[in-house]
Amino acid sequence: MPRPAPQPEQTQPDATQPGETQPGETQQGISAEIAALHRAAQEAAASGAPVPAHPPRDFPPYRSTQLRHPTRELVRADPEEIELVSPAFGHTDVAAEEADLTIQHTGEPLGERIILTGRVLDGEGRPVRNQLVEIWQANASGRYVHKRDQHPAPLDPNFTGVGRIITGDDGSYRLTTIKPGAYPWKNHRNAWRPAHIHFSFFGSAFTQRLVTQMYFPGDPLFALDPIYQSITDQRARDRLVATYDHDVSEPEWALGYRWDVVLTGPRSTWMEPEDADHA
């Protein structure tokens, strides 16, 4: 079964640390900071400056990055020194039921059943075959199964929120799950994360793991979320949003969404830095 999901952002009040959550800060103030940073990025691009491929690690409206982002250059390590072994994942290593998060318990989970499908591609549009894909998410109430998530939303005894699958020869994947709910987090007063599902992709070695988030179309929280808005390029943000696909939807059963992931190249899907907290 998949490993336990990474820890979500804390949601219960506790002592504020310098550079992290400031409970008195308003959404208006955070949104103004985001808008100013977006204007600066647009002006830099208009002046001919290269557009960064990834968002800044220390995006100020995302308060916790002030303490968590690296302040020095990364230390390069020789892979042989840390005994890397290529993970030989195959279809016999991942059970078919792991791709359906709605059948992993004795009862059916609460919430809107959805089907997620798409392809994992490289920068040239070629399929990435036999790729281990892992997902983790909150339940329909916006609650993670984790001791650090204690905000007053109910847990679902029939939904753990983790699953995995191996991509096919055409790079495709297909997952069945429950649409997650939005949840509060402690970046500022009345801060809410848009509904999202975390995706993890492995290459030929564990150190090649890439992590990102998939969002749902039309979410009103997009403009208010410092994590989503830390990507200053609108086109790059759009690549994180799945599209509703009526042909994927199944009658009387589930709505369907399609989301393709590009791992490399100028139109690659945004991936999180290794030190991200995966809120």
# chains A, B, ... in the order shown; residues from 1 in each chain; ligands from 1
>>> residues_around(residues="A:Met271", least_positions_apart="2", cutoff="12 Å", atoms="only C-alpha atoms", output="compact mmCIF listing (two decimals) with N, CA, C and O atoms, in the first residue's frame")
# COMPACT_ATOMS: atom_id res chain seq x y z
N ALA A 53 11.43 29.16 -14.75
CA ALA A 53 10.69 27.93 -15.02
C ALA A 53 9.88 27.49 -13.82
O ALA A 53 8.90 26.76 -13.96
N HIS A 54 10.28 27.95 -12.63
CA HIS A 54 9.60 27.53 -11.40
C HIS A 54 9.33 28.75 -10.53
O HIS A 54 10.01 29.77 -10.65
N PRO A 55 8.34 28.67 -9.65
CA PRO A 55 8.04 29.80 -8.76
C PRO A 55 9.16 29.97 -7.74
O PRO A 55 9.93 29.04 -7.48
N PRO A 56 9.27 31.17 -7.17
CA PRO A 56 10.31 31.39 -6.16
C PRO A 56 10.08 30.52 -4.93
O PRO A 56 8.93 30.28 -4.53
N ARG A 57 11.15 30.06 -4.35
CA ARG A 57 11.03 29.23 -3.14
C ARG A 57 10.63 30.05 -1.93
O ARG A 57 10.15 29.51 -0.93
N HIS A 198 -2.80 15.86 -4.46
CA HIS A 198 -1.35 15.79 -4.62
C HIS A 198 -0.98 14.61 -5.51
O HIS A 198 -1.50 13.50 -5.33
N PHE A 199 -0.08 14.84 -6.44
CA PHE A 199 0.43 13.79 -7.32
C PHE A 199 1.93 13.67 -7.13
O PHE A 199 2.64 14.68 -7.03
N SER A 200 2.42 12.44 -7.13
CA SER A 200 3.85 12.16 -7.05
C SER A 200 4.22 11.25 -8.21
O SER A 200 3.50 10.29 -8.50
N PHE A 201 5.34 11.56 -8.87
CA PHE A 201 5.82 10.77 -10.01
C PHE A 201 7.25 10.34 -9.76
O PHE A 201 8.09 11.16 -9.38
N GLN A 208 14.55 10.98 -8.23
CA GLN A 208 13.92 11.65 -9.36
C GLN A 208 12.44 11.92 -9.10
O GLN A 208 11.71 12.33 -10.00
N ARG A 209 12.00 11.73 -7.89
CA ARG A 209 10.59 11.93 -7.57
C ARG A 209 10.18 13.39 -7.76
O ARG A 209 10.88 14.31 -7.33
N LEU A 210 9.05 13.59 -8.43
CA LEU A 210 8.48 14.91 -8.63
C LEU A 210 7.09 14.94 -8.00
O LEU A 210 6.34 13.98 -8.08
N VAL A 211 6.77 16.06 -7.36
CA VAL A 211 5.49 16.21 -6.65
C VAL A 211 4.80 17.47 -7.13
O VAL A 211 5.44 18.51 -7.29
N THR A 212 3.50 17.38 -7.36
CA THR A 212 2.74 18.55 -7.77
C THR A 212 1.32 18.43 -7.24
O THR A 212 0.99 17.50 -6.50
N GLN A 213 0.47 19.39 -7.60
CA GLN A 213 -0.92 19.40 -7.17
C GLN A 213 -1.82 19.61 -8.37
O GLN A 213 -1.52 20.41 -9.25
N MET A 214 -2.93 18.91 -8.39
CA MET A 214 -3.95 19.07 -9.42
C MET A 214 -5.17 19.75 -8.82
O MET A 214 -5.62 19.38 -7.73
N ILE A 227 -0.25 29.70 -2.45
CA ILE A 227 0.52 28.60 -3.03
C ILE A 227 0.27 28.52 -4.54
O ILE A 227 1.21 28.50 -5.34
N TYR A 228 -0.99 28.52 -4.93
CA TYR A 228 -1.32 28.51 -6.36
C TYR A 228 -0.79 29.76 -7.04
O TYR A 228 -0.24 29.71 -8.15
N SER A 230 1.75 31.54 -6.26
CA SER A 230 3.20 31.69 -6.27
C SER A 230 3.76 31.41 -7.66
O SER A 230 4.91 31.77 -7.96
N ILE A 231 2.97 30.79 -8.52
CA ILE A 231 3.33 30.62 -9.93
C ILE A 231 2.85 31.87 -10.65
O ILE A 231 1.64 32.09 -10.82
N ALA A 236 1.20 28.71 -16.79
CA ALA A 236 1.70 27.62 -15.96
C ALA A 236 0.69 27.24 -14.89
O ALA A 236 0.51 26.06 -14.57
N ARG A 237 -0.01 28.24 -14.34
CA ARG A 237 -1.05 27.93 -13.36
C ARG A 237 -2.16 27.12 -14.01
O ARG A 237 -2.67 26.16 -13.42
N ARG A 239 -1.99 25.00 -16.26
CA ARG A 239 -1.61 23.61 -16.51
C ARG A 239 -1.79 22.73 -15.28
O ARG A 239 -1.70 21.50 -15.38
N LEU A 240 -2.05 23.34 -14.13
CA LEU A 240 -2.32 22.56 -12.92
C LEU A 240 -3.81 22.24 -12.76
O LEU A 240 -4.18 21.49 -11.84
N VAL A 261 0.04 15.39 -17.68
CA VAL A 261 1.21 15.90 -16.97
C VAL A 261 2.42 15.82 -17.89
O VAL A 261 2.70 14.76 -18.46
N VAL A 262 3.11 16.94 -18.04
CA VAL A 262 4.34 16.99 -18.83
C VAL A 262 5.51 17.15 -17.86
O VAL A 262 5.56 18.12 -17.10
N LEU A 263 6.43 16.21 -17.87
CA LEU A 263 7.48 16.18 -16.86
C LEU A 263 8.68 17.06 -17.19
O LEU A 263 9.40 17.48 -16.28
N THR A 264 8.93 17.35 -18.46
CA THR A 264 10.12 18.11 -18.84
C THR A 264 9.76 19.12 -19.92
O THR A 264 8.67 19.10 -20.48
N ARG A 267 7.03 23.58 -21.44
CA ARG A 267 5.62 23.51 -21.08
C ARG A 267 5.35 22.43 -20.03
O ARG A 267 4.26 21.87 -19.95
N SER A 268 6.36 22.17 -19.24
CA SER A 268 6.21 21.14 -18.22
C SER A 268 5.25 21.59 -17.14
O SER A 268 5.06 22.78 -16.88
N THR A 269 4.63 20.63 -16.49
CA THR A 269 3.76 20.89 -15.36
C THR A 269 4.59 21.35 -14.18
O THR A 269 5.64 20.77 -13.88
N PRO A 273 9.19 22.28 -5.05
CA PRO A 273 10.56 22.04 -4.61
C PRO A 273 10.62 20.93 -3.58
O PRO A 273 9.61 20.63 -2.92
N GLU A 274 11.79 20.32 -3.45
CA GLU A 274 11.91 19.16 -2.57
C GLU A 274 11.61 19.48 -1.12
O GLU A 274 11.23 18.63 -0.35
N ASP A 275 11.79 20.76 -0.72
CA ASP A 275 11.60 21.13 0.68
C ASP A 275 10.18 21.64 0.95
O ASP A 275 9.90 22.13 2.02
N ALA A 276 9.27 21.50 -0.02
CA ALA A 276 7.90 21.98 0.18
C ALA A 276 7.20 21.20 1.27
O ALA A 276 7.51 20.05 1.53
N HIS A 278 3.90 20.54 1.20
CA HIS A 278 2.79 19.81 0.61
C HIS A 278 1.45 20.14 1.24
O HIS A 278 0.64 19.27 1.52
>>> atom_distance(atom1="atom CA of A:Pro217", atom2="atom CA of A:Thr243")
6.3 Å
>>> select_by_dssp(residues="stretch 12-231 of chain A", states="strand (DSSP E or B)", output="PyMOL selection string")
chain A and resi 22+100+113-121+127+132-137+162-166+172-178+183-185+188+191-193+196-201+210-215
>>> closest_residue(among="A:Ala45, A:Pro70, A:Gly125, A:Leu116", to="A:Gly265", atoms="only C-alpha atoms")
A:Gly125
>>> closest_residue(among="A:Asp170, A:Ala140, A:Trp270, A:Pro180", to="A:Gln234", atoms="only C-alpha atoms")
A:Trp270
>>> closest_residue(among="A:Ala36, A:Ala254, A:Ala279, A:Ile103", to="A:Asn187", atoms="only C-alpha atoms")
A:Ala279
>>> closest_residue(among="A:Arg68, A:Lys186, A:Arg258, A:Arg113", to="A:Asp149", atoms="only C-alpha atoms")
A:Lys186
>>> residues_around(residues="A:Pro251", least_positions_apart="3", cutoff="12 Å", atoms="only C-alpha atoms", output="ChimeraX atom specification")
/A:113-115,246-248,254-256
